[in-house]
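Enquirer: So that you have it, the file is model.cif, and it contains mmCIF, C-alpha atoms:
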data_input
#
loop_
_atom_site.label_atom_id
_atom_site.label_comp_id
_atom_site.auth_asym_id
_atom_site.auth_seq_id
_atom_site.Cartn_x
_atom_site.Cartn_y
_atom_site.Cartn_z
CA THR A 26 -29.04 73.92 154.97
CA ARG A 27 -29.96 76.39 157.74
CA LEU A 28 -33.29 74.65 158.25
CA LEU A 29 -31.53 71.31 158.55
CA GLN A 30 -29.05 72.70 161.07
CA ARG A 31 -31.90 74.20 163.10
CA ALA A 32 -33.87 70.95 163.01
CA ARG A 33 -30.82 69.05 164.17
CA ALA A 34 -30.18 71.52 167.00
CA GLU A 35 -33.79 71.21 168.17
CA GLY A 36 -33.70 67.43 168.05
CA VAL A 37 -36.19 67.15 165.20
CA VAL A 38 -33.55 65.51 162.99
CA GLN A 39 -30.90 63.07 164.17
CA PHE A 40 -28.02 61.57 162.23
CA THR A 41 -27.04 57.94 162.81
CA ILE A 42 -23.93 56.32 161.37
CA THR A 43 -25.15 52.98 159.99
CA ARG A 44 -21.82 51.81 158.58
CA PRO A 45 -18.58 51.37 160.53
CA LEU A 46 -15.84 53.93 159.97
CA PRO A 47 -13.02 52.76 157.71
CA ASP A 48 -10.25 50.93 159.54
CA GLN A 49 -7.88 53.76 158.68
CA PHE A 50 -9.83 56.27 160.77
CA LYS A 51 -10.34 53.80 163.60
CA ILE A 52 -6.63 53.12 163.95
CA GLU A 53 -5.77 56.81 163.63
CA SER A 54 -8.11 57.51 166.56
CA ARG A 55 -6.67 54.64 168.60
CA LEU A 56 -3.10 55.78 167.96
CA LYS A 57 -3.95 59.32 169.04
CA GLU A 58 -5.57 58.09 172.23
CA LYS A 59 -2.92 55.51 173.14
CA TYR A 60 0.10 57.76 172.58
CA ASN A 61 -1.49 61.14 173.29
CA LEU A 62 -0.85 62.36 169.75
CA ARG A 63 -2.31 65.49 168.21
CA SER A 64 -2.72 63.71 164.89
CA ALA A 65 -2.10 60.35 163.28
CA THR A 66 -2.24 59.97 159.52
CA ILE A 67 -2.24 56.57 157.87
CA ALA A 68 -1.51 55.93 154.20
CA LYS A 69 -2.41 52.83 152.25
CA THR A 70 0.14 50.02 152.31
CA MET A 71 1.12 49.31 148.71
CA SER A 72 2.31 46.00 147.25
CA ASP A 73 5.74 47.51 146.56
CA PRO A 74 7.50 48.84 149.70
CA ASN A 75 9.02 51.70 147.70
CA ASP A 76 5.54 52.76 146.63
CA THR A 77 4.43 52.62 150.27
CA VAL A 78 7.26 54.99 151.25
CA LYS A 79 6.20 57.43 148.55
CA GLU A 80 2.56 57.22 149.59
CA VAL A 81 3.48 57.86 153.23
CA CYS A 82 5.57 60.84 152.14
CA ARG A 83 2.65 62.19 150.12
CA TYR A 84 0.55 62.09 153.30
CA ALA A 85 3.43 63.63 155.25
CA ALA A 86 3.43 66.59 152.86
CA VAL A 87 -0.28 67.07 153.54
CA THR A 88 0.24 66.89 157.31
CA LEU A 89 3.07 69.40 157.09
CA LYS A 90 0.99 71.78 155.02
CA LYS A 91 -1.69 71.84 157.73
CA LEU A 92 0.84 72.94 160.34
CA LEU A 93 2.68 75.59 158.34
CA THR A 94 1.64 79.17 159.04
CA ARG A 95 2.77 82.55 157.84
CA ASN A 96 6.27 83.47 159.03
CA CYS A 97 6.73 80.14 160.79
CA ARG A 98 10.08 78.42 161.20
CA LEU A 99 10.30 74.83 159.93
CA GLY A 100 13.03 72.59 161.32
CA VAL A 101 14.47 69.88 159.05
CA ALA A 102 17.68 67.91 158.72
CA PHE A 103 18.35 64.64 156.92
CA SER A 104 16.23 61.56 156.31
CA SER A 105 16.28 58.81 153.71
CA THR A 106 12.49 58.49 153.99
CA LEU A 107 11.70 62.21 153.83
CA SER A 108 13.86 62.67 150.76
CA TYR A 109 10.83 61.33 148.88
CA MET A 110 8.50 63.95 150.38
CA VAL A 111 9.89 66.99 148.58
CA GLU A 112 8.16 66.26 145.29
CA PHE A 113 4.76 66.41 147.00
CA LEU A 114 5.23 69.89 148.49
CA ASP A 115 3.35 72.72 146.80
CA GLY A 116 5.02 76.11 146.93
CA ASN A 117 2.06 77.79 145.25
CA THR A 118 -0.17 77.20 148.28
CA ALA A 119 2.47 77.53 151.01
CA PRO A 120 2.13 80.43 153.47
CA GLU A 121 4.40 83.42 153.03
CA GLY A 122 7.51 84.07 155.05
CA ILE A 123 8.50 80.50 155.94
CA THR A 124 12.04 80.02 157.22
CA ILE A 125 13.76 76.65 156.95
CA GLN A 126 15.96 76.00 159.99
CA GLU A 127 18.52 73.23 159.69
CA LEU A 128 18.64 71.14 162.83
CA ALA A 129 21.97 69.48 162.13
CA GLY A 130 25.14 69.86 160.15
CA THR A 131 24.35 69.44 156.48
CA TYR A 132 27.32 67.35 155.43
CA LEU A 133 26.69 63.62 155.82
CA SER A 134 28.80 61.80 153.25
CA PRO A 135 29.20 61.86 149.45
CA ASN A 136 27.16 58.66 149.16
CA ALA A 137 24.24 59.80 151.31
CA PRO A 138 21.82 62.04 149.38
CA TYR A 139 19.48 62.43 152.33
CA GLY A 140 19.80 66.14 153.00
CA ILE A 141 16.46 67.77 152.33
CA SER A 142 16.62 71.30 153.72
CA TRP A 143 17.71 73.14 150.57
CA ARG A 144 15.26 71.19 148.41
CA ILE A 145 12.38 72.01 150.77
CA ALA A 146 13.39 75.67 150.89
CA GLU A 147 13.42 75.85 147.11
CA LYS A 148 10.04 74.11 146.83
CA LEU A 149 8.37 76.35 149.44
CA ASN A 150 10.04 79.57 148.28
CA ALA A 151 11.49 79.88 151.77
CA LYS A 152 14.71 81.34 153.10
CA ILE A 153 17.06 78.99 154.90
CA ILE A 154 19.25 79.16 157.98
CA SER A 155 21.90 76.57 157.27
CA LEU A 156 24.55 74.70 159.22
CA PRO A 157 27.18 74.11 156.53
CA VAL A 158 29.34 71.85 158.69
CA PRO A 159 29.69 68.08 159.15
CA VAL A 160 27.05 66.54 161.36
CA VAL A 161 29.84 64.59 163.09
CA VAL A 162 33.42 65.86 163.53
CA GLN A 163 36.64 64.16 164.64
CA SER A 164 36.70 65.26 168.27
CA GLU A 165 34.75 67.04 170.99
CA ASP A 166 37.31 69.86 170.94
CA ILE A 167 36.72 70.43 167.23
CA ARG A 168 32.96 70.46 167.80
CA ASN A 169 33.23 72.96 170.63
CA ALA A 170 35.46 75.21 168.55
CA MET A 171 33.09 75.11 165.58
CA LEU A 172 30.13 75.93 167.80
CA GLN A 173 31.89 79.15 168.80
CA GLU A 174 32.10 80.34 165.19
CA PRO A 175 29.68 83.32 164.99
CA SER A 176 27.71 82.04 161.98
CA ILE A 177 27.37 78.52 163.39
CA LYS A 178 26.53 79.81 166.86
CA GLU A 179 23.82 82.06 165.44
CA ALA A 180 22.36 79.23 163.36
CA MET A 181 22.26 76.89 166.38
CA GLN A 182 20.56 79.57 168.48
CA GLY A 183 17.81 79.75 165.85
CA ILE A 184 16.75 76.20 166.69
CA SER A 185 14.96 77.46 169.81
CA GLN A 186 12.64 79.45 167.53
CA VAL A 187 11.45 76.46 165.50
CA ASP A 188 7.66 76.13 165.38
CA VAL A 189 7.34 72.88 163.44
CA ALA A 190 9.83 70.10 162.70
CA ILE A 191 9.52 67.04 160.48
CA VAL A 192 11.81 64.08 161.12
CA GLY A 193 12.33 60.52 160.06
CA LEU A 194 12.39 57.79 162.70
CA GLY A 195 15.49 55.66 162.28
CA ARG A 196 15.92 52.03 163.21
CA ILE A 197 18.76 50.07 164.77
CA GLY A 198 20.36 47.72 162.25
CA HIS A 199 23.51 46.82 160.36
CA ASP A 200 22.07 48.35 157.18
CA SER A 201 20.41 51.42 158.67
CA THR A 202 20.90 54.92 157.27
CA LEU A 203 23.44 55.77 159.97
CA VAL A 204 25.60 52.82 158.91
CA LYS A 205 25.27 53.79 155.25
CA THR A 206 26.48 57.32 156.02
CA GLY A 207 29.52 55.91 157.80
CA HIS A 208 28.79 57.44 161.20
CA PHE A 209 28.23 54.09 162.87
CA THR A 210 29.63 50.64 162.23
CA PRO A 211 27.46 47.52 162.40
CA ASP A 212 29.31 46.61 165.63
CA THR A 213 28.43 49.98 167.17
CA MET A 214 24.81 49.46 166.23
CA LEU A 215 24.89 46.06 167.87
CA ALA A 216 26.32 47.61 171.03
CA LEU A 217 23.59 50.26 171.07
CA LYS A 218 20.99 47.54 170.64
CA LYS A 219 22.42 45.72 173.65
CA GLU A 220 22.05 48.98 175.59
CA GLY A 221 18.34 48.88 174.77
CA ALA A 222 18.22 51.32 171.85
CA VAL A 223 15.40 50.68 169.39
CA GLY A 224 15.57 53.78 167.20
CA ASP A 225 16.89 57.27 166.68
CA ILE A 226 15.74 60.76 165.79
CA LEU A 227 18.58 62.77 164.27
CA LEU A 228 21.32 60.63 165.86
CA HIS A 229 19.64 60.72 169.27
CA PHE A 230 18.88 57.16 170.40
CA TYR A 231 16.10 55.98 172.68
CA ASP A 232 14.82 52.70 174.13
CA ARG A 233 11.40 51.07 173.81
CA ASP A 234 10.06 53.27 176.62
CA GLY A 235 11.33 56.46 175.00
CA ASN A 236 14.25 56.96 177.39
CA TYR A 237 17.43 58.51 176.00
CA VAL A 238 20.30 56.12 175.23
CA SER A 239 23.75 57.71 174.99
CA ASN A 240 25.96 56.90 172.03
CA PRO A 241 29.74 56.97 171.55
CA ILE A 242 29.78 59.98 169.22
CA GLN A 243 27.24 62.25 170.90
CA ASN A 244 29.97 64.66 172.04
CA ARG A 245 31.15 65.01 168.45
CA MET A 246 27.78 65.82 166.92
CA ILE A 247 26.76 69.22 165.58
CA ILE A 248 23.05 68.79 165.95
CA LEU A 249 20.18 70.03 168.08
CA PRO A 250 20.27 68.59 171.61
CA TRP A 251 17.68 66.00 172.64
CA GLU A 252 16.09 68.39 175.11
CA ALA A 253 15.82 71.07 172.40
CA LEU A 254 13.99 68.57 170.19
CA LYS A 255 11.52 67.90 173.01
CA ARG A 256 10.80 71.65 173.29
CA ILE A 257 9.71 72.08 169.66
CA PRO A 258 5.92 72.72 169.72
CA ASP A 259 4.98 70.44 166.81
CA VAL A 260 7.14 67.52 165.66
CA ILE A 261 5.99 65.27 162.83
CA GLY A 262 7.49 61.77 162.87
CA VAL A 263 7.45 59.83 159.60
CA ALA A 264 8.27 56.13 159.27
CA THR A 265 7.07 53.01 157.50
CA GLY A 266 7.88 49.31 157.47
CA ALA A 267 7.84 46.33 159.81
CA ASN A 268 11.46 47.01 160.74
CA LYS A 269 10.47 50.47 162.05
CA VAL A 270 7.75 49.33 164.47
CA ASP A 271 9.97 49.34 167.59
CA ALA A 272 11.47 52.69 166.55
CA ILE A 273 8.00 54.20 166.15
CA GLN A 274 6.75 52.89 169.49
CA GLY A 275 9.79 54.19 171.35
CA ALA A 276 9.59 57.58 169.65
CA LEU A 277 5.91 57.96 170.52
CA ARG A 278 6.61 57.08 174.16
CA SER A 279 9.49 59.58 174.31
CA GLY A 280 7.17 62.57 174.08
CA THR A 281 9.16 64.11 171.24
CA VAL A 282 6.66 63.29 168.48
CA HIS A 283 3.24 64.95 168.34
CA HIS A 284 2.12 63.87 164.87
CA LEU A 285 2.68 60.46 163.26
CA VAL A 286 2.55 59.61 159.57
CA THR A 287 2.83 55.95 158.59
CA ASP A 288 1.06 53.24 156.58
CA MET A 289 -1.74 50.88 157.51
CA GLU A 290 0.25 47.68 158.07
CA THR A 291 2.87 49.49 160.14
CA ALA A 292 0.18 51.26 162.18
CA GLN A 293 -1.55 47.96 162.93
CA ALA A 294 1.75 46.47 164.13
CA VAL A 295 2.43 49.54 166.31
CA MET A 296 -0.98 49.13 167.96
CA LYS A 297 -0.43 45.44 168.78
CA ASP A 298 2.01 46.22 171.58
#
Translate the structure of the given file into structure tokens.
Expert:
Amino acid sequence: TRLLQRARAEGVVQFTITRPLPDQFKIESRLKEKYNLRSATIAKTMSDPNDTVKEVCRYAAVTLKKLLTRNCRLGVAFSSTLSYMVEFLDGNTAPEGITIQELAGTYLSPNAPYGISWRIAEKLNAKIISLPVPVVVQSEDIRNAMLQEPSIKEAMQGISQVDVAIVGLGRIGHDSTLVKTGHFTPDTMLALKKEGAVGDILLHFYDRDGNYVSNPIQNRMIILPWEALKRIPDVIGVATGANKVDAIQGALRSGTVHHLVTDMETAQAVMKD
């Protein structure tokens, strides 16, 4: 092996790629270049959409593992897509000293099993800094009062120490996760769409160019601010499906997402724009 390396260095031996790289790697490279990403990971599109989601989440677990380091702080919240990722995490190979930092209030609704922070903490043998409050409260005054509670205030301050975050990229639609949780009505979603919103990251909406779009409940949310999200060093965005293409494009243009995990058909559609 040393002789081969020396011969290559001296120009005696040259390597030539005679076959084209798989489409997967080509598109990953194009996505990275077009959207200035640090990494793009593309899973196979399966015949069953549910299987595609699981395959994307398996790749997301691999991407996350690469970014976790000893004593790092991992930011998570809620996501219908990422709820499938937990089973693919391996606590036996995870670095020591990981802290899970919740980025939003943990209570969504009884019919929305999308909270993933405690499950990830258990899988990675990590401690957790939780926000055991509703993600949306009845009024701005209630939110402000809750944010002054010492335990909640301390937990929110911990968000600035997050090293890595993994988030789902939500879409605008009458049957989206945010409608299912009861935080938005289909009419509200329609109004946001008319304002130009194409997607959301943790209840923060943005347009096709990645610009922030205000929403009617933003002053009642107990969640990390948009600017705090943009300051996290490494954010992994995970999404799949034709109905997520606009949401992915807007998120990538917003500068909040540094690593994308999706499937082949979705990636091809994202690159067509």
Enquirer: Which is closer to Leu215 of chain A than all the others in A:Val295, A:Leu228, A:Val192, A:Ile197, using all atoms listed in the file?
Expert: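 Smallest separation from Leu215 of chain A among the options: A:Ile197.
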Enquirer: Starting from the displayed file, determine the output of the PyMOL selection byres ((chain A and resi 120) around 7) and express the residue list as a list in words.
Expert: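 Here the PyMOL selection byres ((chain A and resi 120) around 7) matches Leu93, Thr94, Arg95, Thr118, Ala119, Glu121, Gly122 and Ile123 of chain A.
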Enquirer: To verify the selection step, state as number ranges by chain which residues the PyMOL selection byres ((chain A and resi 286) around 7) yields on this input.
Expert: A: 65-67, 81, 85, 262-264, 284-285, 287
Enquirer: Would you put the residues from that selection into a file with C-alpha atoms, as a PDB file, keeping the file's coordinate frame?
Expert:
ATOM      1  CA  ALA A  65      -2.100  60.350 163.280  1.00  0.00           C
ATOM      2  CA  THR A  66      -2.240  59.970 159.520  1.00  0.00           C
ATOM      3  CA  ILE A  67      -2.240  56.570 157.870  1.00  0.00           C
ATOM      4  CA  VAL A  81       3.480  57.860 153.230  1.00  0.00           C
ATOM      5  CA  ALA A  85       3.430  63.630 155.250  1.00  0.00           C
ATOM      6  CA  GLY A 262       7.490  61.770 162.870  1.00  0.00           C
ATOM      7  CA  VAL A 263       7.450  59.830 159.600  1.00  0.00           C
ATOM      8  CA  ALA A 264       8.270  56.130 159.270  1.00  0.00           C
ATOM      9  CA  HIS A 284       2.120  63.870 164.870  1.00  0.00           C
ATOM     10  CA  LEU A 285       2.680  60.460 163.260  1.00  0.00           C
ATOM     11  CA  THR A 287       2.830  55.950 158.590  1.00  0.00           C
TER      12      THR A 287
END
Enquirer: Tell me which residues come within 12 Å of (-2.6, 62.2, 151.4), as a ChimeraX atom specification, counting only C-alpha atoms in the file's coordinates.
Expert: /A:66-69,77,79-91,110,113-114,286-288
Enquirer: Since I can't run it myself right now, could you work out what the PyMOL selection byres ((chain A and resi 146) around 10) selects here and report it as a list in words?
Expert: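 Checked against the file, the PyMOL selection byres ((chain A and resi 146) around 10) matches Leu99, Val111, Gly116, Ile123, Thr124, Ile125, Gln126, Ile141, Ser142, Trp143, Arg144, Ile145, Glu147, Lys148, Leu149, Asn150, Ala151, Lys152, Ile153 and Ile154 of chain A.
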Enquirer: What is the distance between atom CA of Asn240 of chain A and atom CA of Phe209 of chain A, in Å to one decimal?
Expert: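 A separation of 9.8 Å between them.
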Enquirer: Rank A:Ile167, A:Val282, A:Ile273, A:Ala190 by their smallest atom-to-atom distance to Val223 of chain A, using all atoms listed in the file, and report the top residue only.
Expert: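 The closest residue to Val223 of chain A is A:Ile273.
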Enquirer: Please compute the atom CA of Asp200 of chain A-atom CA of Leu217 of chain A distance, one decimal, in Å.
Expert: 14.1 Å
Enquirer: In terms of the shortest atom-to-atom distance over all atoms listed in the file, which of A:Pro258, A:Pro241, A:Pro74, A:Gly140 is closest to Ser164 of chain A?
Expert: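 Distance minimum relative to Ser164 of chain A lands on A:Pro241.
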Enquirer: Between atom CA of Val101 of chain A and atom CA of Glu127 of chain A, measure the distance and give it in Å to one decimal.
Expert: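 So the answer is 5.3 Å.
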Enquirer: Let me have the centre and edge lengths in Å, one decimal, of the box along x, y and z around every listed atom of segment 188-193 of chain A with 4 Å of margin on each side, as lines of an AutoDock Vina configuration file.
Expert:
center_x = 9.8
center_y = 68.3
center_z = 162.7
size_x = 13.0
size_y = 23.6
size_z = 13.3
Enquirer: Under the rule that only C-alpha atoms are counted, which of A:Leu254, A:Gln173, A:Thr202, A:Ser279 is the nearest residue to Val238 of chain A?
Expert: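 Answer, going by the shortest atom-to-atom distance: A:Ser279.
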Enquirer: Neighbours of segment 235-237 of chain A within 6 Å (all atoms listed in the file; same-chain residues fewer than 2 positions away dropped), as an mmCIF file with C-alpha atoms, in the coordinates of the input?
Expert:
data_model
loop_
_atom_site.group_PDB
_atom_site.id
_atom_site.type_symbol
_atom_site.label_atom_id
_atom_site.label_comp_id
_atom_site.auth_asym_id
_atom_site.auth_seq_id
_atom_site.Cartn_x
_atom_site.Cartn_y
_atom_site.Cartn_z
ATOM 1 C CA PHE A 230 18.880 57.160 170.400
ATOM 2 C CA TYR A 231 16.100 55.980 172.680
ATOM 3 C CA ASP A 232 14.820 52.700 174.130
ATOM 4 C CA ARG A 233 11.400 51.070 173.810
ATOM 5 C CA GLY A 275 9.790 54.190 171.350
ATOM 6 C CA ALA A 276 9.590 57.580 169.650
ATOM 7 C CA ARG A 278 6.610 57.080 174.160
ATOM 8 C CA SER A 279 9.490 59.580 174.310
#
Enquirer: Calculated over only C-alpha atoms, which of the candidates A:Val189, A:Met296, A:Ala216, A:Val78 has the smallest distance to Ile261 of chain A?
Expert: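 Of the candidates, the smallest distance to Ile261 of chain A is held by A:Val189.
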Enquirer: Taking all atoms listed in the file into account, which of A:Gly195, A:Pro175, A:Pro211, A:Gly183 comes nearest Asn268 of chain A?
Expert: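 Nearest candidate to Asn268 of chain A out of A:Gly195, A:Pro175, A:Pro211, A:Gly183: A:Gly195.
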